[in-house]
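**Student:** Please find my_file_8.cif (mmCIF, C-alpha atoms) on the next line:
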data_entry
#
loop_
_atom_site.label_atom_id
_atom_site.label_comp_id
_atom_site.auth_asym_id
_atom_site.auth_seq_id
_atom_site.Cartn_x
_atom_site.Cartn_y
_atom_site.Cartn_z
CA LYS F 1 7.52 5.30 -89.62
CA MET F 2 11.00 3.79 -90.03
CA ALA F 3 12.15 6.90 -91.87
CA ASN F 4 10.97 9.11 -89.02
CA THR F 5 12.88 6.94 -86.52
CA VAL F 6 16.12 7.24 -88.55
CA LEU F 7 15.67 10.98 -88.91
CA THR F 8 15.16 11.33 -85.15
CA ARG F 9 18.39 9.40 -84.48
CA VAL F 10 20.37 11.53 -86.94
CA LEU F 11 19.09 14.77 -85.41
CA SER F 12 19.87 13.48 -81.92
CA ARG F 13 23.43 12.60 -82.90
CA SER F 14 23.85 15.94 -84.64
CA SER F 15 22.63 17.78 -81.55
CA GLY F 16 25.02 15.80 -79.37
CA LEU F 17 27.93 16.54 -81.72
CA LYS F 18 27.12 20.27 -81.67
CA LEU F 19 27.01 20.19 -77.88
CA ARG F 20 30.40 18.45 -77.68
CA LEU F 21 31.89 20.90 -80.16
CA LYS F 22 30.52 23.80 -78.10
CA HIS F 23 32.08 22.36 -74.94
CA LEU F 24 35.37 21.83 -76.79
CA SER F 25 35.33 25.42 -78.03
CA VAL F 26 34.71 26.74 -74.51
CA SER F 27 37.45 24.49 -73.14
CA CYS F 28 39.96 25.65 -75.76
CA ARG F 29 39.07 29.29 -75.06
CA GLN F 30 39.55 28.75 -71.33
CA VAL F 31 42.95 27.13 -71.95
CA SER F 32 43.91 30.01 -74.24
CA GLU F 33 42.82 32.60 -71.66
CA SER F 34 44.66 30.73 -68.90
CA ALA F 35 47.82 30.60 -71.04
CA THR F 36 47.52 34.34 -71.67
CA GLU F 37 47.19 35.01 -67.95
CA ASP F 38 50.35 32.96 -67.32
CA GLU F 39 52.47 34.82 -69.90
CA PHE F 40 53.66 37.36 -67.33
CA ARG F 41 53.84 37.16 -63.55
CA LEU F 42 54.64 39.57 -60.72
CA ASP F 43 55.98 38.09 -57.49
CA TYR F 44 56.96 39.71 -54.21
CA LEU F 45 59.80 38.01 -52.36
CA ASP F 46 59.60 37.60 -48.61
CA GLY F 47 61.81 36.92 -45.60
CA GLU F 48 65.20 38.61 -45.83
CA ARG F 49 64.35 39.50 -49.42
CA THR F 50 61.20 41.45 -48.57
CA GLY F 51 61.17 44.56 -50.74
CA ILE F 52 62.25 42.80 -53.95
CA ALA F 53 59.66 42.43 -56.71
CA VAL F 54 60.32 39.99 -59.56
CA MET F 55 58.67 40.40 -62.97
CA SER F 56 58.81 37.12 -64.89
CA MET F 57 58.17 36.67 -68.60
CA ARG F 58 56.70 33.20 -69.26
CA ARG F 59 55.60 33.13 -72.90
CA PHE F 60 57.21 29.74 -73.51
CA ARG F 61 55.78 28.92 -76.92
CA TYR F 62 56.80 32.26 -78.44
CA LYS F 63 60.13 32.79 -76.65
CA ASN F 64 58.73 35.83 -74.82
CA ALA F 65 58.12 37.67 -78.10
CA MET F 66 56.37 40.92 -77.19
CA GLY F 67 52.78 40.69 -78.37
CA ARG F 68 49.77 42.79 -77.38
CA SER F 69 48.78 40.62 -74.41
CA ILE F 70 52.16 40.34 -72.68
CA ILE F 71 52.84 44.06 -73.15
CA GLN F 72 49.56 44.90 -71.45
CA LYS F 73 50.31 42.60 -68.52
CA PHE F 74 53.80 44.10 -68.30
CA MET F 75 52.30 47.59 -68.07
CA ASP F 76 49.74 46.47 -65.47
CA SER F 77 52.56 45.06 -63.32
CA MET F 78 54.53 48.29 -63.55
CA GLN F 79 51.51 50.29 -62.45
CA GLU F 80 51.17 48.00 -59.45
CA VAL F 81 54.77 48.34 -58.25
CA ARG F 82 55.05 52.05 -59.09
CA PHE F 83 52.74 53.00 -56.22
CA ASN F 84 53.93 50.34 -53.78
CA ASN F 85 56.28 52.12 -51.39
CA SER F 86 57.39 48.83 -49.84
CA ILE F 87 59.14 47.79 -53.07
CA ARG F 88 62.79 48.83 -53.09
CA VAL F 89 64.13 46.89 -56.10
CA VAL F 90 62.56 45.32 -59.19
CA VAL F 91 64.17 42.40 -61.05
CA VAL F 92 63.01 41.63 -64.60
CA ARG F 93 63.68 38.05 -65.69
CA SER F 94 62.56 35.24 -67.99
CA GLU F 95 61.45 31.76 -67.02
CA VAL F 96 61.80 30.55 -70.62
CA PRO F 97 65.02 28.49 -70.92
CA GLY F 98 67.69 30.10 -73.08
CA VAL F 99 65.67 33.25 -73.77
CA PHE F 100 65.30 36.64 -72.08
CA CYS F 101 63.07 38.21 -74.71
CA ALA F 102 63.03 37.63 -78.47
CA GLY F 103 61.78 41.16 -79.17
CA ALA F 104 58.55 42.03 -80.95
CA ASP F 105 56.18 39.28 -82.05
CA LEU F 106 56.84 39.53 -85.79
CA LYS F 107 54.24 36.88 -86.66
CA GLU F 108 51.59 38.96 -84.93
CA ARG F 109 52.95 42.08 -86.58
CA LEU F 110 52.70 40.57 -90.07
CA GLU F 111 48.92 40.54 -89.68
CA MET F 112 48.81 44.24 -88.78
CA THR F 113 48.17 47.19 -91.06
CA ASN F 114 50.76 49.96 -91.26
CA GLU F 115 48.66 52.02 -88.86
CA GLU F 116 48.41 49.12 -86.40
CA VAL F 117 52.18 48.58 -86.56
CA ALA F 118 52.81 52.24 -85.71
CA ALA F 119 50.38 52.05 -82.78
CA PHE F 120 51.93 48.79 -81.54
CA VAL F 121 55.50 50.16 -81.62
CA ALA F 122 54.34 53.33 -79.87
CA LYS F 123 52.82 51.23 -77.07
CA LEU F 124 55.98 49.12 -76.79
CA ARG F 125 58.11 52.28 -76.65
CA PHE F 126 55.82 53.74 -73.99
CA SER F 127 55.97 50.55 -71.90
CA LEU F 128 59.78 50.62 -71.87
CA SER F 129 59.76 54.30 -70.97
CA GLU F 130 57.51 53.38 -68.06
CA LEU F 131 60.08 50.75 -67.04
CA HIS F 132 62.88 53.31 -67.30
CA ASN F 133 60.86 55.75 -65.18
CA LEU F 134 59.94 53.38 -62.36
CA PRO F 135 60.98 55.22 -59.17
CA MET F 136 62.91 52.31 -57.64
CA PRO F 137 66.10 50.66 -58.99
CA THR F 138 65.54 48.00 -61.66
CA ILE F 139 67.74 45.08 -62.73
CA ALA F 140 67.49 42.99 -65.90
CA ALA F 141 68.54 39.36 -65.42
CA ILE F 142 69.60 38.18 -68.90
CA ASP F 143 69.92 34.39 -68.90
CA GLY F 144 69.44 33.94 -72.63
CA ALA F 145 68.81 35.70 -75.92
CA ALA F 146 67.88 39.39 -75.71
CA LEU F 147 67.51 40.55 -79.29
CA GLY F 148 65.92 43.67 -80.76
CA GLY F 149 63.14 44.78 -78.44
CA GLY F 150 64.37 42.25 -75.87
CA LEU F 151 67.66 44.12 -75.49
CA GLU F 152 65.77 47.42 -75.52
CA MET F 153 63.82 46.18 -72.50
CA ALA F 154 67.08 45.36 -70.71
CA LEU F 155 68.52 48.77 -71.63
CA ALA F 156 65.49 50.43 -70.02
CA CYS F 157 66.53 48.93 -66.67
CA ASP F 158 69.02 50.70 -64.42
CA MET F 159 71.39 47.71 -64.30
CA ARG F 160 71.91 44.56 -66.34
CA VAL F 161 73.33 41.19 -65.35
CA ALA F 162 74.08 38.65 -68.09
CA ALA F 163 74.97 34.99 -68.11
CA SER F 164 77.98 34.00 -70.17
CA ASN F 165 75.82 32.28 -72.81
CA ALA F 166 73.43 35.20 -73.26
CA LYS F 167 73.04 36.67 -76.74
CA MET F 168 72.38 40.39 -77.04
CA GLY F 169 72.00 42.66 -80.03
CA LEU F 170 69.99 45.39 -81.70
CA ILE F 171 69.50 43.53 -84.97
CA GLU F 172 66.79 45.67 -86.56
CA THR F 173 68.86 46.99 -89.49
CA LYS F 174 69.16 43.38 -90.69
CA ARG F 175 65.38 43.48 -91.11
CA ALA F 176 65.27 46.88 -92.83
CA LEU F 177 64.17 48.53 -89.57
CA ILE F 178 65.79 50.56 -86.80
CA PRO F 179 65.48 50.05 -83.05
CA GLY F 180 62.11 51.63 -82.27
CA ALA F 181 61.61 51.18 -78.52
CA GLY F 182 64.42 53.38 -77.22
CA GLY F 183 67.49 51.48 -78.42
CA THR F 184 68.93 54.31 -80.51
CA GLN F 185 68.77 56.61 -77.49
CA ARG F 186 69.54 54.42 -74.48
CA LEU F 187 72.44 52.38 -75.89
CA PRO F 188 74.55 55.50 -76.76
CA ARG F 189 73.95 56.83 -73.26
CA ILE F 190 75.26 53.58 -71.81
CA VAL F 191 78.25 52.74 -74.03
CA GLY F 192 78.83 56.00 -75.93
CA PRO F 193 77.72 56.94 -79.46
CA ALA F 194 80.59 55.37 -81.43
CA ILE F 195 80.20 51.88 -79.92
CA ALA F 196 76.40 52.14 -80.10
CA LYS F 197 76.53 53.04 -83.79
CA GLU F 198 78.86 50.15 -84.54
CA LEU F 199 76.58 47.67 -82.79
CA ILE F 200 73.44 49.02 -84.47
CA PHE F 201 74.97 49.43 -87.96
CA THR F 202 76.35 45.85 -87.94
CA SER F 203 73.41 44.15 -86.13
CA ARG F 204 76.14 42.48 -84.08
CA VAL F 205 75.16 39.90 -81.47
CA LEU F 206 77.28 39.81 -78.30
CA ASP F 207 77.67 37.11 -75.70
CA GLY F 208 77.69 37.94 -71.98
CA TRP F 209 81.44 38.52 -71.67
CA GLU F 210 81.59 40.71 -74.80
CA ALA F 211 78.66 42.76 -73.51
CA LYS F 212 80.44 43.21 -70.17
CA GLU F 213 83.64 44.32 -71.91
CA LEU F 214 81.78 46.99 -73.87
CA GLY F 215 79.77 48.15 -70.87
CA VAL F 216 76.39 46.98 -72.15
CA VAL F 217 75.92 45.00 -68.91
CA ASN F 218 77.16 45.61 -65.37
CA HIS F 219 78.04 42.00 -64.57
CA CYS F 220 78.55 38.72 -66.39
CA VAL F 221 78.52 35.32 -64.68
CA GLU F 222 79.12 31.79 -65.92
CA GLN F 223 75.86 30.08 -66.72
CA ASN F 224 74.83 27.24 -64.40
CA ASP F 225 73.13 23.90 -65.11
CA ASP F 226 69.71 25.36 -64.32
CA GLY F 227 70.15 28.23 -66.76
CA ASP F 228 69.41 30.97 -64.20
CA ALA F 229 72.84 32.21 -63.08
CA ALA F 230 72.11 35.82 -64.11
CA TYR F 231 68.88 35.77 -62.10
CA HIS F 232 70.68 34.60 -58.96
CA ARG F 233 73.39 37.25 -59.41
CA SER F 234 70.66 39.86 -59.91
CA ILE F 235 69.02 38.83 -56.64
CA GLU F 236 72.41 39.17 -54.90
CA LEU F 237 72.75 42.68 -56.34
CA ALA F 238 69.20 43.49 -55.22
CA GLU F 239 70.08 42.29 -51.71
CA GLU F 240 72.99 44.76 -51.65
CA ILE F 241 70.55 47.56 -52.48
CA LEU F 242 67.85 46.52 -49.97
CA PRO F 243 69.50 47.95 -46.80
CA GLN F 244 69.82 51.44 -48.29
CA ALA F 245 67.29 54.17 -47.52
CA PRO F 246 64.39 53.81 -49.99
CA ILE F 247 63.66 57.53 -50.40
CA ALA F 248 67.35 58.23 -50.96
CA LEU F 249 67.46 55.48 -53.60
CA ARG F 250 64.54 57.01 -55.49
CA MET F 251 65.93 60.52 -55.30
CA ALA F 252 69.39 59.36 -56.43
CA LYS F 253 67.87 57.54 -59.41
CA SER F 254 65.84 60.60 -60.40
CA ALA F 255 68.87 62.87 -60.08
CA VAL F 256 71.00 60.64 -62.33
CA ASN F 257 68.26 60.11 -64.94
CA ARG F 258 67.27 63.77 -65.16
CA GLY F 259 70.85 64.99 -65.07
CA LEU F 260 71.83 62.85 -68.06
CA GLU F 261 69.40 64.80 -70.24
CA VAL F 262 70.88 68.25 -69.61
CA GLU F 263 74.20 70.07 -69.35
CA LEU F 264 76.27 69.79 -66.16
CA GLU F 265 75.10 73.00 -64.50
CA ALA F 266 71.44 72.11 -64.96
CA GLY F 267 72.19 68.60 -63.74
CA LEU F 268 73.71 70.00 -60.56
CA ARG F 269 70.54 71.97 -59.95
CA TYR F 270 68.54 68.74 -60.28
CA GLU F 271 70.87 67.13 -57.74
CA GLU F 272 70.30 70.05 -55.36
CA ALA F 273 66.52 69.77 -55.76
CA TYR F 274 66.44 66.03 -55.10
CA TYR F 275 68.87 66.36 -52.19
CA ALA F 276 66.47 68.85 -50.62
CA GLN F 277 63.76 66.18 -50.61
CA VAL F 278 65.76 63.81 -48.38
CA ILE F 279 66.68 66.44 -45.76
CA PRO F 280 63.32 66.40 -43.90
CA THR F 281 63.01 62.59 -43.86
CA LYS F 282 63.11 60.54 -40.66
CA ASP F 283 65.41 58.10 -42.46
CA ARG F 284 68.10 60.80 -42.67
CA ILE F 285 67.99 61.24 -38.89
CA GLU F 286 68.05 57.46 -38.44
CA GLY F 287 71.12 57.24 -40.68
CA MET F 288 73.03 59.78 -38.58
CA LEU F 289 71.98 58.17 -35.29
CA ALA F 290 72.99 54.72 -36.52
CA PHE F 291 76.40 56.06 -37.53
CA LYS F 292 76.85 57.73 -34.15
CA GLU F 293 75.73 54.62 -32.26
CA LYS F 294 77.78 52.31 -34.49
CA ARG F 295 74.85 50.09 -35.50
CA PRO F 296 73.10 49.21 -38.77
CA PRO F 297 70.39 51.74 -39.65
CA LYS F 298 66.73 50.71 -39.78
CA PHE F 299 65.22 52.67 -42.63
CA LYS F 300 61.43 52.74 -42.98
CA GLY F 301 60.97 54.90 -46.04
CA HIS F 302 59.72 58.10 -44.42
#
Could you write out this structure as structure tokens?
**Tutor:**
Amino acid sequence: KMANTVLTRVLSRSSGLKLRLKHLSVSCRQVSESATEDEFRLDYLDGERTGIAVMSMRRFRYKNAMGRSIIQKFMDSMQEVRFNNSIRVVVVRSEVPGVFCAGADLKERLEMTNEEVAAFVAKLRFSLSELHNLPMPTIAAIDGAALGGGLEMALACDMRVAASNAKMGLIETKRALIPGAGGTQRLPRIVGPAIAKELIFTSRVLDGWEAKELGVVNHCVEQNDDGDAAYHRSIELAEEILPQAPIALRMAKSAVNRGLEVELEAGLRYEEAYYAQVIPTKDRIEGMLAFKEKRPPKFKGH
């Protein structure tokens, strides 16, 4: 009888322990899922900044290293803004102190097969092409390290603003790799082939002022105590773009991007084709009336 009582107590404790472990497992999974959801965020500014969308990388523990989850959330955010005609400018930033994006998640990649690595890099390359092809102007706010794939993300934006303490470089050759998400193609188009080759061949890391001198970034600003000077300068640049006619902005971006891929004569034909698309817009009439009446135009995107 005593033995049965002891056995009952042991089983009861064991059952209770299993229940607690189950609850702990569920709790840990919920925390993990919540953390994953918080890795990337899309915000729409309001007030006088209505029309600016801000994409924020928030993978604090991994310095915004590009893993499967954050890339998917990045792509979901781009799909959302792509078809939102009220968005006139997109700013891509990091909320992780001292880091823009550390590039690919190499720890995650070490666990992949060769086939999985190829598929992962293809998806990363596709995501940055999607960023490059967003119809509205895009600005990368680089307040920290942008290395490898991190710099490739910034290069996929139309404009780049760096803080003075930012660190930028395509450092893949140091790891027996080459830039695989557009770096070998976009950097030469921005700074010219000779400078691009030098930076890629040497895996050189530039600070904000050096990047500005070489033309890698449009603007460089002294970093502030909060570590977000480039973000604030990017918002100022976005505010300069906001008053312009949204359809004209999109057509101008398309004309420049498509024209860069072809010879001059073909590029001029692209310009003619995109110009033709702004002629029937109400915004064009509003622009002429505002000029005649000596008042600021009120563009509505149609």
**Student:** Please, which residues in range 28-107 of chain F fall within 10 Å of range 157-163 of chain F when counting only C-alpha atoms, and what is the closest atom pair and distance in Å to one decimal for each, ordered by chain then residue number, as JSON lines?
**Tutor:**
{"residue": "F:Val90", "atom": "CA", "partner": "F:Cys157", "partner_atom": "CA", "distance": 9.2}
{"residue": "F:Val91", "atom": "CA", "partner": "F:Cys157", "partner_atom": "CA", "distance": 8.9}
{"residue": "F:Val92", "atom": "CA", "partner": "F:Cys157", "partner_atom": "CA", "distance": 8.4}
{"residue": "F:Phe100", "atom": "CA", "partner": "F:Ala162", "partner_atom": "CA", "distance": 9.9}
**Student:** For the structure provided, state which residues fall under the PyMOL selection byres ((chain F and resi 249-253) around 6), and present them as a short mmCIF file (atom, residue, chain, number, x, y, z; two decimals) with C-alpha atoms, in the coordinates of the input.
**Tutor:**
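To be explicit, this is the file written out as result.cif:
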data_model
loop_
_atom_site.label_atom_id
_atom_site.label_comp_id
_atom_site.auth_asym_id
_atom_site.auth_seq_id
_atom_site.Cartn_x
_atom_site.Cartn_y
_atom_site.Cartn_z
CA PRO F 135 60.98 55.22 -59.17
CA MET F 136 62.91 52.31 -57.64
CA PRO F 246 64.39 53.81 -49.99
CA ILE F 247 63.66 57.53 -50.40
CA ALA F 248 67.35 58.23 -50.96
CA SER F 254 65.84 60.60 -60.40
CA ALA F 255 68.87 62.87 -60.08
CA VAL F 256 71.00 60.64 -62.33
CA TYR F 274 66.44 66.03 -55.10
#
**Student:** Report as a PyMOL selection string the full result of the PyMOL selection byres ((chain F and resi 217) around 9) when it is applied to this structure.
**Tutor:** chain F and resi 155+159-162+208-209+211-216+218-220
**Student:** Which of these residues is nearest to Leu206 in chain F, using all atoms listed in the file: F:Gln185, F:Asp228, F:Leu147, F:Arg175?
**Tutor:** F:Leu147
**Student:** Quick check, in Å to one decimal: how far apart do CA of Phe60 in chain F and CA of Asp226 in chain F lie?
**Tutor:** 16.1 Å
**Student:** Enter the distance from CA of Ala181 in chain F to CA of Pro137 in chain F, in Å, rounded to one decimal.
**Tutor:** 20.0 Å
**Student:** Find the spatial neighbours of Gln223 in chain F, counting only C-alpha atoms, within a cut-off of 12 Å - ignore same-chain residues fewer than 6 positions away - and output them as a CSV table (one decimal) with C-alpha atoms, in the frame of the given file.
**Tutor:**
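Okay, selection-v8.csv is ready:
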chain,number,residue,atom,x,y,z
F,97,PRO,CA,65.0,28.5,-70.9
F,98,GLY,CA,67.7,30.1,-73.1
F,141,ALA,CA,68.5,39.4,-65.4
F,142,ILE,CA,69.6,38.2,-68.9
F,143,ASP,CA,69.9,34.4,-68.9
F,144,GLY,CA,69.4,33.9,-72.6
F,161,VAL,CA,73.3,41.2,-65.4
F,162,ALA,CA,74.1,38.6,-68.1
F,163,ALA,CA,75.0,35.0,-68.1
F,164,SER,CA,78.0,34.0,-70.2
F,165,ASN,CA,75.8,32.3,-72.8
F,166,ALA,CA,73.4,35.2,-73.3
F,207,ASP,CA,77.7,37.1,-75.7
F,208,GLY,CA,77.7,37.9,-72.0
F,209,TRP,CA,81.4,38.5,-71.7
F,229,ALA,CA,72.8,32.2,-63.1
F,230,ALA,CA,72.1,35.8,-64.1
F,231,TYR,CA,68.9,35.8,-62.1
F,232,HIS,CA,70.7,34.6,-59.0
F,233,ARG,CA,73.4,37.2,-59.4
**Student:** When you count only C-alpha atoms, which of these residues is closest to Thr138 in chain F: F:Val117, F:Val205, F:Val191, F:Met153?
**Tutor:** F:Met153
**Student:** Restricting the calculation to only C-alpha atoms: of F:Leu177, F:Val96, F:Ala146, F:Met168, which residue gets closest to Leu199 in chain F?
**Tutor:**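 Closest to Leu199 in chain F, using only C-alpha atoms: F:Met168.
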**Student:** Using the chain letters and numbering of this document, enumerate as JSON, numbers by chain the residues selected by the PyMOL selection byres ((chain F and resi 49) around 10).
**Tutor:** {"F": [44, 45, 46, 47, 48, 50, 51, 52, 53, 89, 235, 236, 238, 239, 242]}
**Student:** Mind dumping the selected residues with C-alpha atoms as a short mmCIF file (atom, residue, chain, number, x, y, z; two decimals), keeping the file's coordinate frame?
**Tutor:**
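Writing the result to part.cif gives the following:
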data_model
loop_
_atom_site.label_atom_id
_atom_site.label_comp_id
_atom_site.auth_asym_id
_atom_site.auth_seq_id
_atom_site.Cartn_x
_atom_site.Cartn_y
_atom_site.Cartn_z
CA TYR F 44 56.96 39.71 -54.21
CA LEU F 45 59.80 38.01 -52.36
CA ASP F 46 59.60 37.60 -48.61
CA GLY F 47 61.81 36.92 -45.60
CA GLU F 48 65.20 38.61 -45.83
CA THR F 50 61.20 41.45 -48.57
CA GLY F 51 61.17 44.56 -50.74
CA ILE F 52 62.25 42.80 -53.95
CA ALA F 53 59.66 42.43 -56.71
CA VAL F 89 64.13 46.89 -56.10
CA ILE F 235 69.02 38.83 -56.64
CA GLU F 236 72.41 39.17 -54.90
CA ALA F 238 69.20 43.49 -55.22
CA GLU F 239 70.08 42.29 -51.71
CA LEU F 242 67.85 46.52 -49.97
#
**Student:** Could you state the separation of CA of Ala245 in chain F and CA of Gly301 in chain F in Å, given to one decimal place?
**Tutor:**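 A separation of 6.5 Å between them.
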**Student:** Identify which of the residues F:Leu134, F:Ala276, F:Ile178, F:Leu128 lies closest to Asn84 in chain F, counting only C-alpha atoms when measuring atom-to-atom distances.
**Tutor:**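 Using only C-alpha atoms, the shortest distance to Asn84 in chain F belongs to F:Leu134.
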**Student:** May I ask which of the residues F:Gly192, F:Phe120, F:Gly182, F:Leu131 is the closest one to Gly148 in chain F, counting all atoms listed in the file?
**Tutor:** F:Gly182
**Student:** Listed atoms of range 99-117 of chain F, axis-aligned box, 3 Å per side: centre and edge lengths to one decimal in Å, as lines of an AutoDock Vina configuration file?
**Tutor:**
center_x = 56.9
center_y = 42.6
center_z = -81.7
size_x = 23.5
size_y = 24.8
size_z = 25.2
**Student:** Considering all atoms listed in the file, state which residue in the set F:Ala145, F:Thr202, F:Ala156, F:Arg93 is at the smallest distance from Leu124 in chain F.
**Tutor:** F:Ala156
**Student:** Within 12 Å of Glu198 in chain F, counting only C-alpha atoms, which residues qualify if same-chain residues fewer than 5 places away don't, as a list in words?
**Tutor:**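 What passes the distance filter is Gly169, Leu170, Ile171, Thr173, Thr184, Leu187, Pro188, Val191, Gly192, Pro193, Ser203, Arg204, Val205 and Leu214 of chain F.
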**Student:** Convert the current residue selection to file output with C-alpha atoms, as a PDB file, in the frame of the given file.
**Tutor:**
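Saved as part_0.pdb:
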ATOM      1  CA  GLY F 169      72.000  42.660 -80.030  1.00  0.00           C
ATOM      2  CA  LEU F 170      69.990  45.390 -81.700  1.00  0.00           C
ATOM      3  CA  ILE F 171      69.500  43.530 -84.970  1.00  0.00           C
ATOM      4  CA  THR F 173      68.860  46.990 -89.490  1.00  0.00           C
ATOM      5  CA  THR F 184      68.930  54.310 -80.510  1.00  0.00           C
ATOM      6  CA  LEU F 187      72.440  52.380 -75.890  1.00  0.00           C
ATOM      7  CA  PRO F 188      74.550  55.500 -76.760  1.00  0.00           C
ATOM      8  CA  VAL F 191      78.250  52.740 -74.030  1.00  0.00           C
ATOM      9  CA  GLY F 192      78.830  56.000 -75.930  1.00  0.00           C
ATOM     10  CA  PRO F 193      77.720  56.940 -79.460  1.00  0.00           C
ATOM     11  CA  SER F 203      73.410  44.150 -86.130  1.00  0.00           C
ATOM     12  CA  ARG F 204      76.140  42.480 -84.080  1.00  0.00           C
ATOM     13  CA  VAL F 205      75.160  39.900 -81.470  1.00  0.00           C
ATOM     14  CA  LEU F 214      81.780  46.990 -73.870  1.00  0.00           C
TER      15      LEU F 214
END
